[in-house]
Structures are given as C-alpha cells and as structure tokens.
>>> print(open('my_file.txt').read())   # compact mmCIF, C-alpha atoms
# COMPACT_ATOMS: atom_id res chain seq x y z
CA MET U 10 -99.06 -37.07 40.92
CA VAL U 11 -99.12 -39.86 43.45
CA LYS U 12 -102.03 -39.76 45.84
CA MET U 13 -100.92 -39.90 49.41
CA SER U 14 -102.83 -40.60 52.59
CA ARG U 15 -103.05 -37.45 54.71
CA ASP U 16 -103.15 -37.62 58.48
CA PRO U 17 -103.48 -34.74 60.95
CA VAL U 18 -100.89 -33.74 63.46
CA GLN U 19 -102.14 -35.53 66.51
CA VAL U 20 -101.26 -32.99 69.19
CA ILE U 21 -103.11 -34.22 72.20
CA SER U 22 -103.50 -32.15 75.33
CA GLY U 23 -104.61 -33.25 78.76
CA GLN U 24 -103.33 -34.70 81.97
CA VAL U 25 -102.25 -38.27 82.64
CA LYS U 26 -101.92 -39.67 86.15
CA GLU U 27 -98.34 -40.65 86.88
CA LEU U 28 -97.66 -44.29 87.61
CA GLN U 29 -95.59 -44.77 90.75
CA VAL U 30 -92.98 -47.39 89.99
CA SER U 31 -91.07 -48.83 92.90
CA SER U 32 -87.30 -48.76 92.70
CA ASN U 33 -84.80 -51.22 94.06
CA GLY U 34 -82.31 -48.42 94.62
CA ASP U 35 -79.65 -49.52 92.15
CA ASN U 36 -78.49 -47.87 88.96
CA ARG U 37 -79.37 -50.59 86.49
CA ALA U 38 -80.90 -49.66 83.17
CA PRO U 39 -84.54 -50.66 82.53
CA TRP U 40 -83.55 -53.32 80.01
CA GLU U 41 -81.26 -54.94 82.60
CA GLU U 42 -84.14 -55.13 85.06
CA THR U 43 -86.32 -56.62 82.31
CA GLN U 44 -83.69 -59.29 81.72
CA GLU U 45 -83.68 -60.23 85.42
CA PHE U 46 -87.48 -60.33 85.49
CA SER U 47 -87.55 -62.63 82.47
CA GLN U 48 -85.10 -64.99 84.12
CA ASP U 49 -87.11 -65.09 87.36
CA HIS U 50 -90.45 -65.45 85.56
CA PRO U 51 -89.83 -67.66 82.50
CA GLY U 52 -93.53 -68.30 82.01
CA LEU U 53 -94.10 -64.60 81.35
CA ALA U 54 -91.19 -64.17 78.95
CA ALA U 55 -92.89 -65.39 75.76
CA LYS U 56 -90.98 -62.95 73.57
CA PRO U 57 -87.22 -62.37 73.36
CA LYS U 58 -85.90 -59.41 75.26
CA PRO U 59 -84.99 -56.33 73.22
CA PRO U 60 -81.29 -55.57 72.80
CA LYS U 61 -79.56 -52.76 74.62
CA PRO U 62 -79.82 -49.62 72.48
CA GLU U 63 -76.06 -49.15 72.22
CA ASN U 64 -75.65 -52.64 70.70
CA ALA U 65 -78.57 -52.59 68.27
CA VAL U 66 -79.33 -51.14 64.85
CA THR U 67 -82.17 -48.89 65.97
CA VAL U 68 -84.94 -47.93 63.55
CA ALA U 69 -87.40 -45.34 64.85
CA VAL U 70 -90.73 -45.22 63.01
CA SER U 71 -93.64 -42.86 63.48
CA THR U 72 -97.12 -44.21 64.10
CA ARG U 73 -98.42 -42.80 60.84
CA VAL U 74 -95.95 -44.59 58.65
CA LEU U 75 -96.29 -47.89 60.51
CA PHE U 76 -100.11 -47.80 60.54
CA ARG U 77 -102.99 -46.17 58.64
CA THR U 78 -104.98 -43.57 60.55
CA GLU U 79 -107.14 -41.82 57.93
CA ARG U 80 -110.38 -42.43 59.82
CA GLU U 81 -108.93 -40.87 62.94
CA GLN U 82 -107.87 -37.90 60.86
CA LYS U 83 -111.46 -37.12 59.98
CA VAL U 84 -112.48 -37.21 63.63
CA PHE U 85 -109.62 -34.90 64.54
CA GLU U 86 -110.34 -32.41 61.75
CA GLN U 87 -114.11 -32.37 62.09
CA HIS U 88 -114.57 -32.62 65.86
CA GLY U 89 -111.34 -31.57 67.54
CA VAL U 90 -108.87 -33.03 70.00
CA GLU U 91 -111.18 -34.10 72.83
CA GLU U 92 -113.55 -35.99 70.54
CA TYR U 93 -110.55 -37.54 68.82
CA LEU U 94 -109.24 -38.79 72.16
CA ARG U 95 -112.64 -40.20 73.10
CA TYR U 96 -112.84 -41.92 69.72
CA GLN U 97 -109.45 -43.56 70.20
CA ILE U 98 -110.41 -44.88 73.64
CA GLU U 99 -113.77 -46.17 72.37
CA HIS U 100 -112.03 -48.00 69.52
CA GLU U 101 -108.89 -49.11 71.33
CA ASN U 102 -109.67 -52.78 70.66
CA GLU U 103 -109.84 -52.16 66.91
CA PRO U 104 -106.34 -52.50 65.41
CA PHE U 105 -104.97 -50.03 62.88
CA ALA U 106 -104.33 -51.29 59.36
CA PRO U 107 -100.71 -51.59 58.15
CA GLY U 108 -99.03 -48.46 56.76
CA PRO U 109 -96.14 -48.00 54.30
CA ALA U 110 -93.42 -48.93 56.83
CA PHE U 111 -95.18 -52.10 57.97
CA PRO U 112 -93.59 -54.56 55.48
CA PHE U 113 -90.18 -53.02 56.19
CA VAL U 114 -90.57 -53.52 59.94
CA LYS U 115 -91.79 -57.10 59.43
CA ALA U 116 -88.69 -57.77 57.32
CA LEU U 117 -86.47 -56.38 60.08
CA GLU U 118 -88.06 -58.78 62.51
CA ALA U 119 -87.60 -61.69 60.10
CA VAL U 120 -83.87 -60.91 59.97
CA ASN U 121 -83.78 -60.75 63.77
CA ALA U 122 -85.30 -64.22 64.00
CA GLN U 123 -82.52 -65.64 61.84
CA LEU U 124 -79.83 -63.76 63.73
CA ARG U 125 -81.10 -65.13 67.04
CA GLU U 126 -80.90 -68.66 65.65
CA LEU U 127 -77.29 -68.17 64.55
CA TYR U 128 -76.15 -66.01 67.49
CA PRO U 129 -78.42 -66.71 70.49
CA GLN U 130 -76.42 -64.46 72.86
CA SER U 131 -75.77 -61.57 70.48
CA GLU U 132 -77.50 -58.21 70.81
CA GLU U 133 -76.46 -57.06 67.35
CA LEU U 134 -80.04 -56.97 66.12
CA PHE U 135 -82.56 -54.53 64.71
CA ASP U 136 -84.46 -52.68 67.42
CA ILE U 137 -87.67 -50.87 66.45
CA VAL U 138 -88.82 -47.85 68.43
CA LEU U 139 -92.32 -46.49 67.86
CA VAL U 140 -92.26 -42.69 67.92
CA THR U 141 -95.55 -40.82 68.08
CA TYR U 142 -97.01 -37.42 68.90
CA ASN U 143 -99.92 -39.20 70.52
CA HIS U 144 -101.14 -38.83 74.07
CA ALA U 145 -100.35 -41.77 76.33
CA HIS U 146 -104.06 -42.74 76.39
CA VAL U 147 -103.75 -43.80 72.73
CA GLY U 148 -100.91 -46.13 73.71
CA ILE U 149 -103.41 -48.85 74.64
CA ARG U 150 -104.74 -48.98 71.09
CA LEU U 151 -101.20 -48.96 69.71
CA ILE U 152 -100.19 -51.86 71.95
CA ASN U 153 -103.32 -53.77 70.96
CA THR U 154 -102.49 -53.15 67.29
CA ILE U 155 -98.91 -54.29 67.70
CA ASN U 156 -100.03 -57.49 69.40
CA HIS U 157 -102.72 -58.06 66.76
CA HIS U 158 -100.14 -57.88 63.97
CA ASN U 159 -97.64 -59.95 65.97
CA LEU U 160 -95.00 -57.25 65.95
CA PHE U 161 -92.16 -57.16 68.47
CA ILE U 162 -91.99 -53.50 69.46
CA GLU U 163 -91.27 -52.93 73.12
CA ARG U 164 -89.97 -49.36 73.02
CA PHE U 165 -92.39 -46.46 72.64
CA CYS U 166 -91.90 -42.71 72.64
CA MET U 167 -95.27 -40.95 73.05
CA THR U 168 -94.64 -37.22 73.30
CA GLY U 169 -98.15 -35.79 73.69
CA GLY U 170 -97.64 -33.24 70.95
CA SER U 171 -93.98 -32.36 71.60
CA SER U 172 -91.26 -32.94 69.03
CA PRO U 173 -89.70 -36.41 69.37
CA ILE U 174 -86.43 -35.49 67.65
CA GLY U 175 -84.54 -34.81 70.87
CA TYR U 176 -85.11 -38.41 71.97
CA LEU U 177 -83.60 -39.98 68.85
CA LYS U 178 -80.01 -39.51 69.98
CA ALA U 179 -80.82 -41.10 73.32
CA TRP U 180 -82.18 -44.15 71.50
CA HIS U 181 -78.93 -44.40 69.47
CA THR U 182 -81.12 -44.14 66.37
CA ASN U 183 -79.62 -45.38 63.10
CA LEU U 184 -82.66 -44.52 60.96
CA TYR U 185 -85.75 -42.40 61.53
CA LEU U 186 -88.81 -42.82 59.30
CA SER U 187 -91.64 -40.32 59.51
CA ALA U 188 -94.30 -38.71 57.38
CA ASP U 189 -93.47 -35.24 58.68
CA ALA U 190 -90.93 -33.70 56.32
CA ASP U 191 -90.12 -30.93 58.79
CA LYS U 192 -89.23 -33.41 61.51
CA VAL U 193 -87.16 -35.45 59.07
CA ARG U 194 -85.16 -32.33 58.17
CA GLU U 195 -84.78 -31.58 61.87
CA ALA U 196 -83.40 -35.08 62.46
CA LEU U 197 -80.97 -34.80 59.56
CA ALA U 198 -79.68 -31.56 61.04
CA GLU U 199 -79.56 -32.85 64.61
CA ALA U 200 -76.01 -32.22 65.80
CA PRO U 201 -74.28 -34.42 68.36
CA GLN U 202 -75.15 -33.37 71.91
CA ASP U 203 -71.64 -32.18 72.61
CA ASN U 204 -71.46 -30.19 69.39
CA ILE U 205 -72.73 -26.63 69.16
CA LEU U 206 -73.03 -26.75 65.38
CA THR U 207 -76.58 -26.31 64.13
CA SER U 208 -78.05 -25.97 60.67
CA ALA U 209 -74.96 -24.06 59.60
CA MET U 210 -73.37 -27.39 58.74
CA PHE U 211 -75.86 -27.65 55.88
CA ARG U 212 -75.04 -24.25 54.42
CA PRO U 213 -74.33 -24.04 50.67
CA CYS U 214 -70.72 -24.65 49.84
CA GLY U 215 -68.49 -24.21 46.84
CA GLU U 216 -68.49 -26.66 43.97
CA ASN U 217 -65.19 -28.20 45.00
CA SER U 218 -65.75 -27.99 48.74
CA THR U 219 -67.74 -30.84 50.18
CA HIS U 220 -66.64 -31.14 53.78
CA ASP U 221 -68.94 -28.34 54.96
CA GLN U 222 -71.79 -30.29 53.41
CA THR U 223 -71.14 -33.54 55.26
CA PRO U 224 -74.26 -34.47 57.28
CA GLN U 225 -73.84 -34.68 61.04
CA GLY U 226 -77.35 -35.66 62.07
CA ILE U 227 -79.48 -38.80 62.11
CA ALA U 228 -80.27 -40.75 58.96
CA ALA U 229 -83.91 -39.91 58.23
CA ALA U 230 -86.44 -39.98 55.43
CA THR U 231 -90.05 -39.04 54.75
CA MET U 232 -92.25 -41.98 53.77
CA PHE U 233 -95.22 -41.94 51.42
CA MET U 234 -98.09 -44.34 50.82
CA PRO U 235 -98.57 -45.19 47.12
CA ASP U 236 -101.95 -46.06 45.62
CA LYS U 237 -100.84 -49.63 45.07
CA LEU U 238 -98.27 -51.79 46.81
CA THR U 239 -95.97 -54.31 45.18
CA GLU U 240 -95.73 -57.63 47.02
CA VAL U 241 -92.39 -57.93 48.80
CA SER U 242 -90.41 -60.76 50.35
CA GLU U 243 -91.29 -61.91 53.85
CA SER U 244 -87.94 -63.62 54.42
CA GLN U 245 -85.35 -61.25 52.88
CA LEU U 246 -84.94 -57.57 53.75
CA ARG U 247 -84.38 -55.63 50.52
CA VAL U 248 -83.23 -52.00 50.76
CA ALA U 249 -82.49 -49.78 47.76
CA PHE U 250 -80.53 -46.52 47.81
CA ASP U 251 -79.94 -43.68 45.40
CA GLY U 252 -76.32 -42.57 45.26
CA ASP U 253 -75.73 -38.82 45.20
CA ALA U 254 -77.10 -36.92 48.22
CA VAL U 255 -78.21 -40.22 49.80
CA LEU U 256 -75.22 -42.53 50.23
CA PHE U 257 -72.80 -39.90 48.96
CA SER U 258 -72.61 -36.14 49.37
CA ASP U 259 -74.26 -33.86 46.83
CA GLU U 260 -70.91 -32.62 45.48
CA SER U 261 -71.41 -34.08 42.00
CA GLU U 262 -75.09 -33.16 41.95
CA ARG U 263 -74.10 -29.54 42.46
CA ILE U 264 -71.86 -29.65 39.43
CA PHE U 265 -74.66 -31.08 37.32
CA LYS U 266 -77.24 -28.55 38.52
CA ALA U 267 -74.90 -25.61 37.99
CA HIS U 268 -73.13 -26.55 34.75
CA GLY U 269 -74.96 -29.39 33.05
CA LEU U 270 -74.23 -32.97 32.11
CA ASP U 271 -71.02 -32.48 30.13
CA LYS U 272 -69.34 -30.59 32.96
CA PHE U 273 -70.54 -33.27 35.37
CA PHE U 274 -68.90 -36.03 33.30
CA GLU U 275 -65.70 -34.00 33.08
CA HIS U 276 -65.69 -33.44 36.84
CA GLU U 277 -66.17 -37.15 37.55
CA ARG U 278 -63.35 -38.17 35.19
CA GLU U 279 -60.97 -35.66 36.76
CA ASN U 280 -61.89 -36.83 40.27
CA GLU U 281 -62.18 -40.54 39.59
CA ASP U 282 -59.70 -41.38 42.33
CA THR U 283 -61.02 -38.79 44.79
CA LEU U 284 -63.48 -40.29 47.23
CA LEU U 285 -66.92 -38.77 47.56
CA ASP U 286 -67.87 -37.55 51.01
CA HIS U 287 -70.55 -39.52 52.78
CA GLY U 288 -74.22 -38.69 52.55
CA PRO U 289 -76.97 -38.94 55.19
CA LEU U 290 -77.79 -42.66 54.61
CA LYS U 291 -74.20 -43.96 54.46
CA GLY U 292 -74.29 -44.88 58.14
CA PHE U 293 -77.43 -46.96 57.72
CA LEU U 294 -75.90 -48.89 54.81
CA GLU U 295 -72.87 -49.45 57.05
CA ALA U 296 -75.13 -50.84 59.80
CA LEU U 297 -76.80 -53.19 57.31
CA GLY U 298 -73.39 -54.35 56.11
CA LYS U 299 -72.32 -55.13 59.66
CA LEU U 300 -75.28 -57.47 60.09
CA GLN U 301 -74.74 -58.99 56.65
CA LYS U 302 -71.23 -60.00 57.66
CA LYS U 303 -72.64 -61.99 60.56
CA PHE U 304 -74.47 -64.15 58.02
CA TYR U 305 -71.41 -64.34 55.77
CA ALA U 306 -69.43 -65.68 58.73
CA LYS U 307 -71.87 -68.59 58.89
CA GLY U 308 -71.51 -69.37 55.16
CA GLN U 309 -74.73 -67.60 54.15
CA ARG U 310 -73.43 -65.03 51.68
CA LEU U 311 -75.49 -66.39 48.77
CA ASP U 312 -78.71 -66.70 50.76
CA CYS U 313 -78.25 -63.78 53.13
CA PRO U 314 -81.60 -62.40 54.41
CA ILE U 315 -80.38 -58.82 53.85
CA ARG U 316 -79.85 -57.56 50.30
CA THR U 317 -78.87 -54.02 49.30
CA PHE U 318 -79.17 -52.18 45.99
CA LEU U 319 -77.68 -49.03 44.49
CA VAL U 320 -80.11 -47.53 41.96
CA THR U 321 -78.57 -44.42 40.47
CA ALA U 322 -79.08 -42.18 37.48
CA ARG U 323 -75.30 -42.14 36.96
CA SER U 324 -73.84 -43.75 33.85
CA ALA U 325 -71.59 -46.73 34.50
CA ALA U 326 -68.66 -45.96 32.19
CA SER U 327 -68.61 -42.17 32.51
CA SER U 328 -69.37 -41.62 36.20
CA GLY U 329 -70.02 -44.95 37.91
CA ILE U 330 -66.44 -45.86 38.70
CA ARG U 331 -66.05 -43.09 41.27
CA ALA U 332 -69.12 -44.27 43.15
CA LEU U 333 -67.87 -47.86 43.22
CA LYS U 334 -64.37 -46.86 44.30
CA THR U 335 -65.83 -44.79 47.12
CA LEU U 336 -67.93 -47.69 48.42
CA ARG U 337 -64.94 -50.03 48.24
CA ALA U 338 -62.72 -47.56 50.10
CA TRP U 339 -65.38 -47.28 52.81
CA GLY U 340 -65.34 -51.07 53.16
CA LEU U 341 -69.00 -51.26 52.15
CA GLU U 342 -70.56 -53.78 49.81
CA ILE U 343 -73.62 -53.29 47.63
CA ASP U 344 -75.17 -56.54 46.46
CA GLU U 345 -76.52 -55.09 43.23
CA ALA U 346 -75.64 -51.83 41.46
CA LEU U 347 -77.87 -50.43 38.71
CA PHE U 348 -76.48 -47.51 36.71
CA LEU U 349 -79.45 -46.24 34.70
CA ALA U 350 -77.84 -43.37 32.76
CA GLY U 351 -80.91 -41.21 33.31
CA ALA U 352 -83.52 -43.88 32.58
CA PRO U 353 -86.62 -44.01 34.84
CA LYS U 354 -86.06 -45.80 38.13
CA GLY U 355 -89.63 -46.98 38.66
CA PRO U 356 -89.52 -50.02 36.33
CA MET U 357 -86.22 -51.22 37.83
CA LEU U 358 -87.56 -50.84 41.36
CA GLU U 359 -90.67 -52.77 40.39
CA LYS U 360 -88.40 -55.71 39.52
CA ILE U 361 -86.23 -55.33 42.64
CA ARG U 362 -89.27 -55.17 44.94
CA PRO U 363 -87.50 -53.43 47.83
CA HIS U 364 -89.18 -52.90 51.17
CA ILE U 365 -88.00 -49.30 50.97
CA TYR U 366 -86.18 -47.09 48.46
CA PHE U 367 -84.36 -43.90 49.46
CA ASP U 368 -83.97 -40.96 47.05
CA ASP U 369 -83.30 -37.25 47.43
CA GLN U 370 -85.45 -36.17 44.47
CA MET U 371 -89.23 -36.13 44.62
CA PHE U 372 -89.41 -36.90 40.91
CA HIS U 373 -87.88 -40.31 41.52
CA VAL U 374 -89.96 -40.85 44.67
CA GLU U 375 -93.09 -40.26 42.60
CA GLY U 376 -91.87 -42.55 39.85
CA ALA U 377 -91.20 -45.32 42.33
CA ALA U 378 -94.56 -44.90 44.05
CA GLU U 379 -96.41 -45.00 40.74
CA MET U 380 -94.96 -48.48 40.18
CA GLY U 381 -95.99 -49.67 43.65
CA THR U 382 -92.68 -49.22 45.49
CA VAL U 383 -92.65 -47.74 48.98
CA ALA U 384 -90.27 -44.81 48.52
CA ALA U 385 -88.79 -42.48 51.12
CA HIS U 386 -87.59 -38.95 50.43
CA VAL U 387 -84.27 -37.81 51.91
CA PRO U 388 -84.55 -33.99 52.02
CA TYR U 389 -80.85 -33.28 51.74
CA GLY U 390 -78.61 -31.49 49.26
CA ILE U 391 -78.91 -29.13 46.32
CA ALA U 392 -81.80 -31.04 44.74
CA GLN U 393 -84.15 -29.68 47.42
CA LYS U 394 -83.97 -26.31 45.67
CA HIS U 395 -85.15 -27.99 42.49
CA ASN U 396 -87.96 -30.13 43.91
CA ALA U 397 -90.81 -28.19 42.34
CA ARG U 398 -93.51 -30.74 43.04
CA ASP U 399 -95.27 -30.76 46.36
CA ILE U 400 -96.32 -34.19 47.56
CA SER U 401 -98.31 -34.36 50.76
CA GLY U 402 -97.35 -37.14 53.12
CA VAL U 403 -99.31 -39.38 55.42
CA GLY U 404 -99.07 -36.98 58.33
CA LYS U 405 -96.47 -36.77 61.00
>>> encode(input="my_file.txt", output="structure tokens")
Amino acid sequence: MVKMSRDPVQVISGQVKELQVSSNGDNRAPWEETQEFSQDHPGLAAKPKPPKPENAVTVAVSTRVLFRTEREQKVFEQHGVEEYLRYQIEHENEPFAPGPAFPFVKALEAVNAQLRELYPQSEELFDIVLVTYNHAHVGIRLINTINHHNLFIERFCMTGGSSPIGYLKAWHTNLYLSADADKVREALAEAPQDNILTSAMFRPCGENSTHDQTPQGIAAATMFMPDKLTEVSESQLRVAFDGDAVLFSDESERIFKAHGLDKFFEHERENEDTLLDHGPLKGFLEALGKLQKKFYAKGQRLDCPIRTFLVTARSAASSGIRALKTLRAWGLEIDEALFLAGAPKGPMLEKIRPHIYFDDQMFHVEGAAEMGTVAAHVPYGIAQKHNARDISGVGK
C-alpha cells in the first residue's frame, strides 16, 4: 500500500469585501486589457502575458496537488475553519512545498519557454489554471508561493468551498488534475453546456457496443503523492499513458473482465481493423501532439521537448496491432510504445521517468508510485468495479 499525504477539504466560510474595479465601458476580455496595459507599461511587464484560453492547452491543477499542505490539514482538523484561516494569514509569507504536480507544471513551463523562442507571436501554449476550494484570503499565500517557486500562473479559481467543476468548461480545460476523486469523476462526466446528457452517457453497455461509453466530459485524473520521487527531466516534458480506458474506450477491457484472456485475444484478432473508440485522455494526447508538430516544423523532431509514451499491459503480437492502428487512424503519434504482456509497469516507468503517468487501475497506480513515479488515476470504465483497493489521496 502506498502511503499518501492526506489533506482536508478546505471549505472556508466568511465574507470578503468586494473590490470595485473601474471599467472603460467596452466589451474587451480581461486578457485583452492586460495586453494593452503591458504595452503601455513595459517596465511592469516582466513576465509574458498568458494566452487566450481558447488558443491554449489549458491544464487546471488543484492547490493540493501542486503544493503540500499537510501542516495546514492538522490545523483545520484540530482547531476548525476560523483558526485555519488565521493560521494561513499569519503564515502567508511562508511558501508551500512542492506537491506531486509541481514537476509536471514546471515541465509545461519549460516547453512554453521554447515555444515562445520559436513562435514569439503564437498563443498555442500551455496555460496553467490554479483551482482551489480556498477562501480568497488564502490567495495571498498562494501568490507568494507561486512567486517563490518562480511559477508563471496568472489564472486562479478560488471557490470558497464551492465545487470548481462548473468553471472548467469556461476555462476551455484540456486536463484537470485534482486529489479529490469525486470531483475528478464529476469532471469526466461533465457534459457540454448545450447538451442535456448527464451521467447516463457512462452507463454500462453491451460487449460489442462502445459508442454509449464514449466519454463526453473533461480529461481528468486523481493524483497521488508517493513516498519517494524519481528525478525527472527539467527540459523535456514526459507523459505516459495506459491504453484501454485511458486513451481508448474500455471495450476490450470489458471482454477481458467478463470472459478472460483467451476471449480477449480472440476479440482483438477479429476486430483488428475496427478502430477503438476514444477514451477520456485521448484529447489531451491530441493536444500534446499538436504542440509537438510545432517543434517538428522547426526541425526538432529528434530533440523535441515533449515526449509521449504508451505503457500497456496488452501483448504486442496478439492485441497490440489494433491499438497502433487506432492511433494511426486518429493521426496521433506516440514516441514510445511498451507492450508489457501483463508484466509489472512500475519498473518500466522507473526507466521512463515520466512527469506523470495515467492509468485506470489502482493496482498499476500503486505499482508506479512504489517505484517513485507520480501516477494519476483515471476513474473511468469497467475496471472501477474491480478496483478493490482504497487509496486515500492528498485531499481535494
């Protein structure tokens, strides 16, 4: 069992005085006004402006996966909300320590730096949004922490105890990372705003029917903090994905769970030329591929600062070809594909040293964490009925 850091739900009550912001009367978006301000005041524009949300690859991270807040947890649990709030204000000049998502976010920013060098006018960049249940008073400590660690995070969403999931669509979120499994499931099930479908789109479907199981929500995963951390690259973003129920639908997984390995192999051979439906993280891989191609266009394929990995329990000869054909038909490239034929994933991930690994099965998440890999659980598909182990996360 992997030991995880446990943080309380920071539901903060209280009143905050509203700041009266003057308006110039036009309909420009805030980021457009920021751009004008930066142009008029170059001495105050030390950092690059964030991209417009609709142009960026937006990654929303919760406070408790970006930073460590165990000490604050004890205050919250032992003394309550008001004392917790006083504690945060008293210690607002003391930065939080890095959490499990911290190296991943730093790698995103390293990629952005290289993209800005190659494409100074482009807004096709990673954009990080900090999402937190915290009261706005705690925002001062968060800003101080971000500046201390030299992070470039300009967009905050502090909900004061309310669910942040409704804001993710407005941010054009491509990936949401949290430590709250319930909120991650809510994000995965978040239907488009003009669509009345709800969780019914995740209802169990027949073995040969996969379209009802196609995810319609936001790519999301629950992050965990392992006891030890493997050192990762500071210049190349490395992201590893499981296949079934992560990049692909859980169609084949359902066959395996219901009928065993032999039937699974038979099903894959019979459907070798039938594409798998997409899974919840396919869109994020697609977004990574879009940015990779910008480096390829500048002759940097071999030293691209983004590298992707498929790490799957599938066997190459008996079931791997369908996965590869599906990726090719989607127009997506995976830099490295590891077909492990049921072997443990932890040792392979230890060699890959990804900033994050996505898997739908807690068994593999545990195995990765035991080897020092930051793993994220994607609570999607039939495997959730078979996840017997209960791993507590780092809070919400």
>>> atom_distance(input="my_file.txt", atom1="atom CA of Asp282 of chain U", atom2="atom CA of Ala267 of chain U")
22.3 Å
>>> closest_residue(input="my_file.txt", among="U:Gly340, U:Pro388, U:Gly148, U:Pro109", to="Met232 of chain U", atoms="all atoms listed in the file")
U:Pro109
>>> atom_distance(input="my_file.txt", atom1="atom CA of Tyr128 of chain U", atom2="atom CA of Leu297 of chain U")
16.4 Å
>>> residues_around(input="my_file.txt", residues="Gly298 of chain U", least_positions_apart="4", cutoff="9 Å", atoms="all atoms listed in the file", output="ChimeraX atom specification")
/U:293-294,302-303,315,317,341-343
>>> residues_around(input="my_file.txt", residues="Ile361 of chain U", least_positions_apart="5", cutoff="12 Å", atoms="all atoms listed in the file", output="list in words")
Thr239, Glu240, Val241, Ser242, Gln245, Leu246, Arg247, Val248, Ala249, Phe250, Arg316, Thr317, Phe318, Leu319, Val320, Asp344, Glu345, Ala346, Leu347, Lys354, Gly355, Pro356, Tyr366, Ala377, Met380, Gly381, Thr382 and Val383 of chain U
>>> atom_distance(input="my_file.txt", atom1="atom CA of Glu277 of chain U", atom2="atom CA of Leu256 of chain U")
16.5 Å
>>> closest_residue(input="my_file.txt", among="U:Asn183, U:Ser171, U:Ser324, U:Ser258", to="Glu295 of chain U", atoms="all atoms listed in the file")
U:Asn183
